[in-house]
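Structure below is my_file13.tsv: TSV, C-alpha atoms and all ligand atoms.
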chain	number	residue	atom	x	y	z
A	1	MET	CA	18.56	10.01	24.21
A	2	GLU	CA	17.15	11.79	27.23
A	3	LYS	CA	18.36	15.05	25.79
A	4	GLU	CA	16.60	14.42	22.50
A	5	LEU	CA	13.35	13.61	24.25
A	6	THR	CA	13.53	16.80	26.25
A	7	GLY	CA	13.70	18.57	22.91
A	8	LEU	CA	10.47	17.02	21.67
A	9	PRO	CA	7.69	19.35	20.71
A	10	ARG	CA	5.59	19.46	23.85
A	11	ARG	CA	2.46	17.38	23.71
A	12	ASP	CA	-0.17	16.96	26.38
A	13	PHE	CA	0.55	13.32	26.90
A	14	ILE	CA	4.08	13.86	28.03
A	15	GLY	CA	2.82	15.55	31.16
A	16	ASN	CA	1.76	12.44	33.04
A	17	VAL	CA	4.30	10.00	31.79
A	18	SER	CA	7.79	9.85	33.16
A	19	LYS	CA	10.64	9.96	30.73
A	20	ILE	CA	11.70	6.53	31.88
A	21	GLY	CA	8.22	5.31	31.02
A	22	ILE	CA	8.46	6.80	27.57
A	23	LEU	CA	11.89	5.32	27.00
A	24	GLY	CA	10.66	1.92	28.06
A	25	THR	CA	7.79	2.14	25.65
A	26	LEU	CA	10.07	3.32	22.87
A	27	ALA	CA	12.42	0.45	23.44
A	28	ALA	CA	9.55	-1.96	22.99
A	29	PHE	CA	9.02	-0.72	19.46
A	30	LEU	CA	12.21	-0.60	17.58
A	31	PRO	CA	15.25	-2.81	17.44
A	32	GLY	CA	17.46	0.03	16.28
A	33	SER	CA	17.62	3.63	17.25
A	34	THR	CA	16.02	6.43	15.34
A	35	SER	CA	15.26	10.08	15.90
A	36	ALA	CA	13.09	11.20	18.80
A	37	GLU	CA	10.70	12.79	16.31
A	38	VAL	CA	10.12	9.49	14.53
A	39	LEU	CA	9.82	7.65	17.83
A	40	GLU	CA	7.33	10.14	19.17
A	41	SER	CA	5.07	9.31	16.28
A	42	LEU	CA	5.26	5.62	17.11
A	43	VAL	CA	4.84	5.79	20.86
A	44	ALA	CA	1.65	4.68	22.59
A	45	LYS	CA	-0.38	7.54	24.01
A	46	PRO	CA	-2.37	5.91	26.80
A	47	GLU	CA	-3.98	9.12	28.05
A	48	GLU	CA	-5.61	9.61	24.64
A	49	GLY	CA	-7.79	6.59	25.32
A	50	HIS	CA	-8.10	2.98	24.30
A	51	VAL	CA	-9.24	3.42	20.71
A	52	PHE	CA	-8.56	2.26	17.19
A	53	LEU	CA	-6.43	4.87	15.44
A	54	ALA	CA	-7.11	3.02	12.20
A	55	LYS	CA	-10.00	0.61	11.89
A	56	PRO	CA	-9.39	-2.64	9.99
A	57	TYR	CA	-8.18	-2.48	6.40
A	58	LEU	CA	-7.65	-5.43	4.08
A	59	GLN	CA	-4.34	-6.26	2.44
A	60	ALA	CA	-2.68	-8.95	0.32
A	61	PRO	CA	-5.83	-10.71	-0.94
A	62	ALA	CA	-5.50	-14.29	-2.19
A	63	PRO	CA	-7.98	-17.11	-2.84
A	64	ASP	CA	-6.96	-18.80	0.42
A	65	SER	CA	-5.84	-15.90	2.59
A	66	MET	CA	-6.37	-12.30	3.61
A	67	THR	CA	-4.33	-9.99	5.79
A	68	ILE	CA	-6.15	-7.66	8.14
A	69	ARG	CA	-4.38	-4.63	9.53
A	70	TRP	CA	-5.36	-2.03	12.11
A	71	ILE	CA	-3.72	0.36	14.54
A	72	THR	CA	-4.46	0.90	18.21
A	73	ASN	CA	-3.52	3.73	20.50
A	74	LYS	CA	-2.42	1.61	23.43
A	75	LEU	CA	-0.11	-1.38	23.57
A	76	CYS	CA	-2.32	-4.43	23.20
A	77	TYR	CA	-2.72	-8.08	22.47
A	78	SER	CA	-4.85	-8.11	19.31
A	79	TRP	CA	-6.68	-10.76	17.30
A	80	VAL	CA	-9.32	-11.33	14.63
A	81	GLU	CA	-12.57	-13.26	15.02
A	82	TYR	CA	-14.05	-14.47	11.75
A	83	GLY	CA	-16.15	-17.07	10.01
A	84	GLU	CA	-18.57	-17.72	7.19
A	85	THR	CA	-21.74	-17.54	9.26
A	86	ASP	CA	-20.54	-16.55	12.72
A	87	LEU	CA	-17.28	-15.30	14.20
A	88	SER	CA	-16.23	-18.56	15.78
A	89	VAL	CA	-12.68	-18.75	14.45
A	90	LYS	CA	-9.95	-16.81	16.20
A	91	ALA	CA	-6.68	-15.79	14.56
A	92	HIS	CA	-3.60	-14.00	15.78
A	93	ASN	CA	-0.07	-13.80	14.47
A	94	VAL	CA	2.69	-15.97	15.83
A	95	SER	CA	6.34	-15.62	14.97
A	96	ASP	CA	9.15	-17.68	16.48
A	97	GLY	CA	6.69	-19.07	19.00
A	98	LEU	CA	5.62	-15.64	20.19
A	99	VAL	CA	2.11	-14.36	19.71
A	100	ASP	CA	2.21	-10.76	18.48
A	101	ALA	CA	1.43	-8.60	21.52
A	102	HIS	CA	2.48	-5.41	23.29
A	103	ASN	CA	2.25	-3.62	19.96
A	104	ARG	CA	-0.03	-1.13	18.20
A	105	ILE	CA	0.42	-1.70	14.47
A	106	ASN	CA	-1.34	-4.97	13.81
A	107	GLN	CA	-1.42	-7.42	10.96
A	108	VAL	CA	-3.18	-10.73	11.21
A	109	TYR	CA	-2.85	-13.18	8.36
A	110	LEU	CA	-5.94	-15.35	7.86
A	111	SER	CA	-4.92	-18.55	6.11
A	112	GLY	CA	-6.73	-21.66	4.96
A	113	LEU	CA	-9.67	-19.66	3.65
A	114	LYS	CA	-12.01	-21.01	0.99
A	115	PRO	CA	-11.78	-19.35	-2.43
A	116	GLY	CA	-14.68	-17.21	-3.60
A	117	THR	CA	-16.20	-17.21	-0.14
A	118	LYS	CA	-17.68	-14.43	1.96
A	119	TYR	CA	-16.28	-14.09	5.46
A	120	ASN	CA	-17.44	-11.92	8.33
A	121	TYR	CA	-14.83	-10.56	10.71
A	122	LYS	CA	-14.09	-8.17	13.50
A	123	VAL	CA	-10.87	-7.16	15.20
A	124	LEU	CA	-10.27	-7.00	18.93
A	125	SER	CA	-7.51	-5.40	20.98
A	126	LYS	CA	-6.95	-6.04	24.68
A	127	GLU	CA	-4.86	-3.48	26.46
A	128	ILE	CA	-1.70	-4.65	28.17
A	129	ILE	CA	-1.50	-2.53	31.29
A	130	ASP	CA	1.59	-4.06	32.77
A	131	PHE	CA	4.05	-6.39	31.10
A	132	LYS	CA	6.20	-8.08	33.73
A	133	PRO	CA	8.16	-11.25	32.98
A	134	TYR	CA	5.95	-13.40	35.21
A	135	SER	CA	2.78	-11.38	35.59
A	136	LEU	CA	1.09	-9.63	32.73
A	137	LYS	CA	-1.89	-7.44	33.48
A	138	TYR	CA	-4.61	-6.97	30.87
A	139	GLY	CA	-7.05	-4.07	30.71
A	140	GLU	CA	-10.14	-3.47	28.63
A	141	THR	CA	-10.80	-5.04	25.23
A	142	ILE	CA	-12.08	-2.93	22.37
A	143	SER	CA	-13.84	-4.45	19.39
A	144	SER	CA	-14.47	-3.14	15.90
A	145	ASP	CA	-17.76	-3.42	14.04
A	146	THR	CA	-18.30	-6.59	12.05
A	147	TYR	CA	-17.29	-6.31	8.38
A	148	SER	CA	-17.12	-8.80	5.57
A	149	PHE	CA	-14.92	-9.57	2.60
A	150	THR	CA	-14.98	-12.13	-0.17
A	151	THR	CA	-11.88	-14.09	-1.13
A	152	PRO	CA	-11.03	-14.22	-4.85
A	153	GLN	CA	-11.88	-17.35	-6.80
A	154	ILE	CA	-8.89	-19.54	-7.70
A	155	ASN	CA	-9.14	-18.81	-11.39
A	156	PRO	CA	-11.87	-16.23	-11.82
A	157	SER	CA	-13.10	-15.64	-15.34
A	158	SER	CA	-12.91	-11.88	-14.83
A	159	VAL	CA	-11.28	-9.24	-12.63
A	160	SER	CA	-11.80	-5.54	-12.12
A	161	TRP	CA	-9.86	-2.99	-10.14
A	162	LEU	CA	-9.62	0.74	-9.53
A	163	ILE	CA	-6.44	2.79	-9.60
A	164	MET	CA	-5.65	6.07	-7.86
A	165	ASN	CA	-2.32	7.88	-7.99
A	166	ASP	CA	-0.75	11.21	-7.07
A	167	ILE	CA	-3.12	12.06	-4.24
A	168	HIS	CA	-0.29	14.10	-2.65
A	169	ASP	CA	-1.62	14.52	0.88
A	170	ARG	CA	-5.13	15.50	-0.22
A	171	PRO	CA	-7.19	12.90	1.69
A	172	GLU	CA	-10.49	14.27	0.42
A	173	SER	CA	-9.53	13.09	-3.08
A	174	ILE	CA	-9.84	9.44	-2.07
A	175	PRO	CA	-13.62	9.38	-1.31
A	176	HIS	CA	-14.20	11.85	-4.13
A	177	LEU	CA	-12.56	9.60	-6.72
A	178	MET	CA	-14.09	6.44	-5.24
A	179	ASN	CA	-17.52	8.01	-5.63
A	180	LEU	CA	-16.99	8.19	-9.38
A	181	LYS	CA	-16.83	4.44	-9.80
A	182	GLY	CA	-20.58	4.09	-10.20
A	183	THR	CA	-22.37	0.88	-9.36
A	184	ASP	CA	-19.87	-1.43	-11.07
A	185	ASP	CA	-18.45	-4.00	-8.70
A	186	TYR	CA	-14.67	-4.19	-8.32
A	187	ASP	CA	-12.27	-6.61	-6.69
A	188	TYR	CA	-9.66	-4.28	-5.24
A	189	VAL	CA	-8.07	-0.84	-5.30
A	190	PHE	CA	-4.51	-0.13	-6.36
A	191	TYR	CA	-2.59	2.97	-5.20
A	192	ASN	CA	-0.01	3.78	-7.85
A	193	GLY	CA	2.31	5.99	-5.82
A	194	ASP	CA	2.66	9.56	-4.55
A	195	ILE	CA	-0.20	9.33	-2.11
A	196	PHE	CA	1.95	11.63	0.06
A	197	ASP	CA	4.34	14.52	-0.60
A	198	TYR	CA	6.92	13.06	1.77
A	199	GLN	CA	6.78	10.93	4.91
A	200	THR	CA	6.48	12.79	8.21
A	201	ASP	CA	4.92	10.51	10.81
A	202	GLU	CA	2.27	7.89	11.54
A	203	GLN	CA	-0.51	10.46	11.89
A	204	GLN	CA	-0.01	11.49	8.27
A	205	ILE	CA	-0.33	7.87	7.06
A	206	ILE	CA	-3.51	7.46	9.10
A	207	ASP	CA	-5.12	10.78	8.23
A	208	HIS	CA	-4.13	11.05	4.59
A	209	MET	CA	-4.42	7.47	3.39
A	210	LEU	CA	-5.72	4.86	5.84
A	211	LYS	CA	-8.71	6.73	7.29
A	212	PRO	CA	-10.14	7.95	3.97
A	213	SER	CA	-9.55	4.51	2.44
A	214	ILE	CA	-11.21	2.75	5.38
A	215	GLU	CA	-14.17	5.11	5.28
A	216	ALA	CA	-14.58	4.65	1.53
A	217	PHE	CA	-13.90	0.94	1.08
A	218	ALA	CA	-10.89	-0.66	2.77
A	219	SER	CA	-12.63	-2.65	5.52
A	220	THR	CA	-14.51	-4.64	2.89
A	221	LYS	CA	-12.28	-4.45	-0.22
A	222	PRO	CA	-8.51	-4.85	-0.15
A	223	PHE	CA	-6.02	-2.36	-1.50
A	224	MET	CA	-2.49	-2.73	-2.79
A	225	PHE	CA	0.12	-0.01	-2.84
A	226	VAL	CA	3.38	0.84	-4.54
A	227	ARG	CA	5.59	3.78	-3.66
A	228	GLY	CA	6.02	6.75	-5.90
A	229	ASN	CA	9.10	8.95	-5.84
A	230	HIS	CA	7.59	11.16	-3.10
A	231	GLU	CA	7.16	8.28	-0.65
A	232	THR	CA	10.94	7.83	-0.62
A	233	ARG	CA	11.36	11.22	1.05
A	234	GLY	CA	11.17	12.48	4.60
A	235	LYS	CA	12.26	11.16	7.96
A	236	PHE	CA	9.45	8.59	8.24
A	237	ARG	CA	10.24	7.00	4.86
A	238	ARG	CA	11.73	3.85	6.42
A	239	GLU	CA	8.71	3.26	8.67
A	240	LEU	CA	6.18	3.55	5.81
A	241	LYS	CA	6.34	-0.12	4.87
A	242	ASN	CA	5.30	-1.18	8.38
A	243	TYR	CA	1.74	-0.13	7.54
A	244	PHE	CA	1.19	-2.27	4.42
A	245	SER	CA	1.33	-5.94	3.49
A	246	ASN	CA	2.36	-6.79	-0.02
A	247	LYS	CA	2.85	-10.20	-1.52
A	248	GLY	CA	6.44	-11.20	-0.79
A	249	ASP	CA	7.06	-8.28	1.56
A	250	LYS	CA	9.09	-6.32	-1.00
A	251	GLY	CA	8.35	-2.96	-2.56
A	252	TYR	CA	7.83	-4.72	-5.90
A	253	TYR	CA	5.69	-7.78	-6.54
A	254	ALA	CA	3.67	-9.75	-9.07
A	255	TYR	CA	0.34	-11.50	-8.91
A	256	GLN	CA	-2.17	-13.10	-11.19
A	257	TRP	CA	-5.86	-12.43	-10.81
A	258	GLY	CA	-7.92	-14.36	-13.34
A	259	PRO	CA	-7.07	-13.34	-16.88
A	260	VAL	CA	-4.56	-10.65	-15.86
A	261	TYR	CA	-0.98	-11.08	-14.75
A	262	ASN	CA	0.11	-7.93	-12.93
A	263	ILE	CA	3.63	-6.77	-12.28
A	264	VAL	CA	4.21	-3.94	-9.81
A	265	LEU	CA	7.53	-2.10	-9.95
A	266	ASP	CA	8.90	0.47	-7.53
A	267	THR	CA	10.48	3.05	-9.83
A	268	GLY	CA	12.22	4.94	-7.02
A	269	GLU	CA	13.31	8.55	-7.27
A	270	ASP	CA	13.16	10.76	-10.34
A	271	LYS	CA	16.56	12.44	-9.95
A	272	PRO	CA	20.01	10.76	-9.90
A	273	ASP	CA	21.02	9.14	-6.63
A	274	ASP	CA	23.80	11.71	-6.22
A	275	ALA	CA	21.45	14.71	-6.53
A	276	PRO	CA	22.25	17.04	-3.59
A	277	VAL	CA	18.66	16.90	-2.29
A	278	TYR	CA	19.07	13.20	-1.53
A	279	ALA	CA	22.17	13.89	0.56
A	280	GLY	CA	23.82	10.60	-0.31
A	281	ILE	CA	21.20	8.42	1.38
A	282	VAL	CA	19.41	6.79	-1.57
A	283	ASP	CA	20.51	4.05	-3.92
A	284	PHE	CA	17.76	3.62	-6.47
A	285	ASP	CA	19.98	2.65	-9.39
A	286	SER	CA	20.82	-0.63	-7.66
A	287	TYR	CA	17.22	-1.11	-6.57
A	288	ARG	CA	15.93	-0.65	-10.14
A	289	ARG	CA	18.59	-3.05	-11.46
A	290	GLU	CA	17.56	-5.60	-8.83
A	291	GLN	CA	13.97	-5.29	-10.06
A	292	ALA	CA	14.97	-5.64	-13.72
A	293	LYS	CA	16.69	-8.93	-12.88
A	294	TRP	CA	13.70	-10.11	-10.86
A	295	VAL	CA	11.10	-9.04	-13.41
A	296	GLU	CA	12.83	-10.91	-16.23
A	297	GLU	CA	12.56	-14.13	-14.23
A	298	VAL	CA	8.88	-13.43	-13.62
A	299	MET	CA	8.33	-12.71	-17.30
A	300	LYS	CA	9.99	-15.97	-18.29
A	301	SER	CA	7.41	-17.91	-16.26
A	302	THR	CA	4.71	-19.93	-17.93
A	303	ALA	CA	2.04	-18.16	-15.89
A	304	PHE	CA	3.13	-14.76	-17.22
A	305	LYS	CA	3.45	-15.95	-20.80
A	306	LYS	CA	0.12	-17.77	-20.76
A	307	ALA	CA	-1.91	-15.02	-19.09
A	308	LYS	CA	-4.55	-13.43	-21.28
A	309	PHE	CA	-3.23	-9.95	-20.38
A	310	ARG	CA	0.09	-8.75	-18.96
A	311	VAL	CA	-0.11	-5.44	-17.14
A	312	VAL	CA	2.67	-3.45	-15.45
A	313	MET	CA	1.84	-0.83	-12.83
A	314	MET	CA	4.62	1.55	-11.78
A	315	HIS	CA	4.59	5.14	-10.64
A	316	ILE	CA	7.06	6.74	-13.07
A	317	PRO	CA	6.27	5.98	-16.70
A	318	HIS	CA	9.37	5.13	-18.73
A	319	PHE	CA	8.14	7.26	-21.64
A	320	HIS	CA	6.22	10.55	-21.78
A	321	SER	CA	7.63	11.80	-18.49
A	322	GLY	CA	10.64	13.88	-19.45
A	323	ASP	CA	14.27	12.97	-19.56
A	324	TRP	CA	15.28	13.06	-15.91
A	325	HIS	CA	17.38	10.21	-14.67
A	326	GLY	CA	14.54	8.20	-13.04
A	327	PRO	CA	12.37	7.78	-16.13
A	328	MET	CA	15.43	7.33	-18.38
A	329	HIS	CA	16.90	4.63	-16.16
A	330	CYS	CA	13.50	2.89	-16.11
A	331	ARG	CA	13.46	3.11	-19.90
A	332	GLU	CA	16.95	1.67	-20.21
A	333	LEU	CA	16.21	-1.25	-17.89
A	334	PHE	CA	12.56	-2.03	-18.43
A	335	ALA	CA	11.67	-1.08	-22.03
A	336	PRO	CA	13.68	-3.95	-23.60
A	337	LEU	CA	12.07	-6.44	-21.20
A	338	PHE	CA	8.54	-5.13	-21.76
A	339	LYS	CA	9.15	-5.48	-25.48
A	340	LYS	CA	10.77	-8.91	-25.37
A	341	TYR	CA	8.15	-10.44	-23.09
A	342	LYS	CA	5.21	-8.68	-24.71
A	343	VAL	CA	3.69	-6.53	-21.98
A	344	ASP	CA	0.15	-5.49	-22.99
A	345	MET	CA	-0.27	-2.30	-20.96
A	346	VAL	CA	1.68	-0.05	-18.59
A	347	ILE	CA	-0.22	2.05	-16.05
A	348	SER	CA	1.58	4.94	-14.33
A	349	GLY	CA	1.17	8.39	-12.79
A	350	HIS	CA	3.86	10.88	-11.80
A	351	THR	CA	3.51	13.53	-14.51
A	352	HIS	CA	0.32	15.08	-13.06
A	353	LYS	CA	-1.02	15.21	-16.64
A	354	TYR	CA	-3.41	12.42	-17.39
A	355	GLY	CA	-3.24	10.79	-20.80
A	356	VAL	CA	-3.50	7.66	-22.85
A	357	TRP	CA	-0.52	6.99	-25.08
A	358	PRO	CA	-1.32	4.37	-27.72
A	359	PRO	CA	1.31	1.93	-28.98
A	360	SER	CA	4.06	3.65	-30.97
A	361	GLU	CA	7.46	2.92	-32.38
A	362	GLU	CA	8.93	3.48	-28.94
A	363	HIS	CA	6.58	1.17	-27.09
A	364	ALA	CA	4.43	-1.56	-28.60
A	365	TYR	CA	1.84	-1.30	-25.80
A	366	PRO	CA	-0.32	1.56	-24.54
A	367	ILE	CA	0.97	3.63	-21.63
A	368	ILE	CA	-1.81	4.94	-19.40
A	369	ILE	CA	-0.92	7.89	-17.17
A	370	GLY	CA	-3.29	8.90	-14.37
A	371	GLY	CA	-3.38	12.56	-13.33
A	372	GLY	CA	-3.43	14.55	-10.10
A	373	PRO	CA	-3.34	16.04	-7.59
A	374	SER	CA	-5.26	19.31	-8.13
A	375	ASP	CA	-8.96	19.69	-8.95
A	376	GLY	CA	-9.58	19.10	-12.61
A	377	ASN	CA	-6.49	16.87	-12.94
A	378	ARG	CA	-7.36	13.98	-10.62
A	379	THR	CA	-8.33	10.65	-12.15
A	380	LEU	CA	-9.83	7.31	-11.29
A	381	ILE	CA	-8.71	4.51	-13.62
A	382	LYS	CA	-11.08	1.56	-13.93
A	383	ILE	CA	-9.93	-1.76	-15.36
A	384	LYS	CA	-12.18	-4.64	-16.20
A	385	ALA	CA	-10.95	-7.80	-17.87
A	386	ASP	CA	-12.25	-11.18	-18.90
A	387	ALA	CA	-10.67	-13.84	-21.11
A	388	LYS	CA	-11.43	-11.86	-24.27
A	389	THR	CA	-11.04	-8.15	-23.52
A	390	LEU	CA	-9.41	-5.78	-21.07
A	391	LYS	CA	-11.12	-2.42	-20.85
A	392	MET	CA	-9.49	0.64	-19.34
A	393	SER	CA	-11.60	3.69	-18.60
A	394	MET	CA	-10.12	6.86	-17.11
A	395	LEU	CA	-12.47	9.23	-15.34
A	396	LYS	CA	-11.59	12.82	-14.48
A	397	ASP	CA	-12.67	14.12	-11.09
A	398	ASP	CA	-15.88	15.64	-12.54
A	399	GLY	CA	-16.91	12.12	-13.59
A	400	SER	CA	-16.31	12.58	-17.31
A	401	GLU	CA	-14.36	9.95	-19.20
A	402	VAL	CA	-11.08	11.41	-20.44
A	403	GLY	CA	-9.50	8.27	-21.79
A	404	SER	CA	-10.22	4.68	-22.67
A	405	TYR	CA	-8.43	1.75	-24.20
A	406	THR	CA	-9.51	-1.78	-25.02
A	407	LEU	CA	-7.19	-4.74	-25.47
A	408	ASN	CA	-8.25	-7.98	-27.11
A	409	SER	CA	-6.53	-11.15	-26.03
B	501	FE	FE	3.23	12.99	-8.06
Take the structure in this file and express it as structure tokens.
Amino acid sequence: MEKELTGLPRRDFIGNVSKIGILGTLAAFLPGSTSAEVLESLVAKPEEGHVFLAKPYLQAPAPDSMTIRWITNKLCYSWVEYGETDLSVKAHNVSDGLVDAHNRINQVYLSGLKPGTKYNYKVLSKEIIDFKPYSLKYGETISSDTYSFTTPQINPSSVSWLIMNDIHDRPESIPHLMNLKGTDDYDYVFYNGDIFDYQTDEQQIIDHMLKPSIEAFASTKPFMFVRGNHETRGKFRRELKNYFSNKGDKGYYAYQWGPVYNIVLDTGEDKPDDAPVYAGIVDFDSYRREQAKWVEEVMKSTAFKKAKFRVVMMHIPHFHSGDWHGPMHCRELFAPLFKKYKVDMVISGHTHKYGVWPPSEEHAYPIIIGGGPSDGNRTLIKIKADAKTLKMSMLKDDGSEVGSYTLNS
């Protein structure tokens, strides 16, 4: 271990901190061992100041709950202060009797919220200077600005959301595409995979996704995320999920928001699991089969069947994306289910060629494919639905509409 750390790329912070200190800090983070490079990305860097590396961003919205995440530089005890008119309620996370503390990557779950209600909140992080078994020393507390969010209604008559995909490590695309939305209100943002080229470290997640999202919207509107094939690559791939909260804590999930029942599938890699580039360390065939089993149960539910609209969002479209193993395996597993349980729309990315594919003999529902990542190919997909219609509008990065589709319930 010591040897590996010595081999770390030299960074300023290492100067003042003994290796034993670093090791101690590392041990506080991870139950298992991982490479020094990955650990370096996760380690606290006290000499870089007591600051928020990522300001608060909203996750996992529900009528009665919201999850707030943020990242600090130092090891802290962190909490949220919130309320409808003031900030008189305090929330922190507790698991197994322990309050989350001496950590940097924070998630606080606010429960018991009122539906359709505006809440103000701020996040606070108090540095833990010294963590001894019987004497813990706190340092300064930093506080974010005060933001607000509104919880969804229990059964709202309408819903609208925005979809971005295939950003591919171009953070400037996020505010650019968000600026195209116009003055229409929206409930949340959905990232439909390939936000990155491959996973390198925490800094990349902050700089290329969290920061631009927070600056554009994410402290006041929640976002959801599903992996694309590129997020399964790179040495930080396993750590990626520590930065997001999805319903059910899996890579795939389902949720109803008013008239729309959404299913989110993680389509995995595009090449076969035994492709040499994966070096024997992926198993997406099993993962896709697991999802097919799960999604059929979801689709058998009354809520799914009775929803006005049934939408699937998944990175790799199972048609119109070539004949590589990933899309073909998705087709084999998912197409019969989408047909049997009458999916109304599939929204994907992956091909880097935007397009709207109307129902055909192959698929009885439209397949919407968002573009990216280069200028002229990037898209923002807007969805708006009420009990009668679901309208999809696809905007190219110059603001022009390059596709639309309307479903009637
Ligand atoms: Fe992509």
> To one decimal place, how far is atom CA of A:Gly322 from atom CA of A:Ala279 in Å?
Replying inline: 23.1 Å
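Straight-line separation from atom CA of A:Ser160 to atom CA of A:Tyr147: 21.2 Å.
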> How far is it from atom CA of A:Lys181 to atom CA of A:Leu380, in Å with one decimal?
Replying inline: 7.7 Å
>> Around ligand FE 501 (chain B), out to 12 Å and counting all atoms listed in the file, which residues are there? I want them as an NGL selection string.
In response: :A and (164-170 or 191-198 or 227-232 or 269-270 or 315-317 or 321 or 348-354 or 369-374 or 377-378)
>> Set the distance at 12 Å and use all atoms listed in the file: which residues neighbour A:Asn242 once local chain neighbours fewer than 5 positions away are removed? I'd like the list as a ChimeraX atom specification.
In response: /A:29-30,42,69-71,104-107,201-202,205,236-237,249-251
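Distances from A:Tyr134, A:Tyr243, A:Phe149, A:Phe190 to A:Lys114 were compared using all atoms listed in the file, and the smallest one belongs to A:Phe149.
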>> Excluding stretch 119-122 of chain A and its own-chain neighbours fewer than 5 positions away, which residues fall within 12 Å of it when counting only C-alpha atoms? Please give them as a ChimeraX atom specification.
In response: /A:55-58,64-70,78-91,108,110,113-114,142-152,219-221
Write the residues you've just listed into a file as an mmCIF file, in the coordinates of the input, and include C-alpha atoms for each of them.
data_model
loop_
_atom_site.group_PDB
_atom_site.id
_atom_site.type_symbol
_atom_site.label_atom_id
_atom_site.label_comp_id
_atom_site.auth_asym_id
_atom_site.auth_seq_id
_atom_site.Cartn_x
_atom_site.Cartn_y
_atom_site.Cartn_z
ATOM 1 C CA LYS A 55 -10.000 0.610 11.890
ATOM 2 C CA PRO A 56 -9.390 -2.640 9.990
ATOM 3 C CA TYR A 57 -8.180 -2.480 6.400
ATOM 4 C CA LEU A 58 -7.650 -5.430 4.080
ATOM 5 C CA ASP A 64 -6.960 -18.800 0.420
ATOM 6 C CA SER A 65 -5.840 -15.900 2.590
ATOM 7 C CA MET A 66 -6.370 -12.300 3.610
ATOM 8 C CA THR A 67 -4.330 -9.990 5.790
ATOM 9 C CA ILE A 68 -6.150 -7.660 8.140
ATOM 10 C CA ARG A 69 -4.380 -4.630 9.530
ATOM 11 C CA TRP A 70 -5.360 -2.030 12.110
ATOM 12 C CA SER A 78 -4.850 -8.110 19.310
ATOM 13 C CA TRP A 79 -6.680 -10.760 17.300
ATOM 14 C CA VAL A 80 -9.320 -11.330 14.630
ATOM 15 C CA GLU A 81 -12.570 -13.260 15.020
ATOM 16 C CA TYR A 82 -14.050 -14.470 11.750
ATOM 17 C CA GLY A 83 -16.150 -17.070 10.010
ATOM 18 C CA GLU A 84 -18.570 -17.720 7.190
ATOM 19 C CA THR A 85 -21.740 -17.540 9.260
ATOM 20 C CA ASP A 86 -20.540 -16.550 12.720
ATOM 21 C CA LEU A 87 -17.280 -15.300 14.200
ATOM 22 C CA SER A 88 -16.230 -18.560 15.780
ATOM 23 C CA VAL A 89 -12.680 -18.750 14.450
ATOM 24 C CA LYS A 90 -9.950 -16.810 16.200
ATOM 25 C CA ALA A 91 -6.680 -15.790 14.560
ATOM 26 C CA VAL A 108 -3.180 -10.730 11.210
ATOM 27 C CA LEU A 110 -5.940 -15.350 7.860
ATOM 28 C CA LEU A 113 -9.670 -19.660 3.650
ATOM 29 C CA LYS A 114 -12.010 -21.010 0.990
ATOM 30 C CA ILE A 142 -12.080 -2.930 22.370
ATOM 31 C CA SER A 143 -13.840 -4.450 19.390
ATOM 32 C CA SER A 144 -14.470 -3.140 15.900
ATOM 33 C CA ASP A 145 -17.760 -3.420 14.040
ATOM 34 C CA THR A 146 -18.300 -6.590 12.050
ATOM 35 C CA TYR A 147 -17.290 -6.310 8.380
ATOM 36 C CA SER A 148 -17.120 -8.800 5.570
ATOM 37 C CA PHE A 149 -14.920 -9.570 2.600
ATOM 38 C CA THR A 150 -14.980 -12.130 -0.170
ATOM 39 C CA THR A 151 -11.880 -14.090 -1.130
ATOM 40 C CA PRO A 152 -11.030 -14.220 -4.850
ATOM 41 C CA SER A 219 -12.630 -2.650 5.520
ATOM 42 C CA THR A 220 -14.510 -4.640 2.890
ATOM 43 C CA LYS A 221 -12.280 -4.450 -0.220
#
>> Quick one: residues within 7 Å of A:Gly403, all atoms listed in the file, excluding same-chain residues fewer than 6 positions away - as a ChimeraX atom specification?
In response: /A:355-356,393-394
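Taking all atoms listed in the file into account, A:Tyr278 lies nearest to A:Gly234 out of the set A:Pro156, A:Gly234, A:Gly116, A:Gly258.
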>> Nearest residue to A:Asp283 out of A:Val295, A:Gly326, A:Asn93, A:Pro171, using all atoms listed in the file?
In response: A:Gly326
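Shortest atom-to-atom contact with A:Pro63 among A:Phe304, A:Trp324, A:Tyr405, A:Trp257: A:Trp257, counting all atoms listed in the file.
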> Can you list, as a ChimeraX atom specification, every protein, DNA or RNA residue that comes within 7 Å of A:Phe284 when you count only C-alpha atoms, leaving out same-chain residues fewer than 4 positions away?
Replying inline: /A:268-269,273,288
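Residues lying within 8 Å of A:Asn408, counting only C-alpha atoms and ignoring same-chain neighbours fewer than 5 positions away, are Lys388, Thr389 and Leu390 of chain A.
Candidate residues A:Ile281, A:Leu124, A:Leu337, A:Cys330 were compared for distance to A:Lys235, and the nearest is A:Ile281, using only C-alpha atoms.
Proximity of A:Ala385, A:Met314, A:Ala307, A:Ile368 to A:Lys342, computed with only C-alpha atoms, is greatest for A:Ala307.
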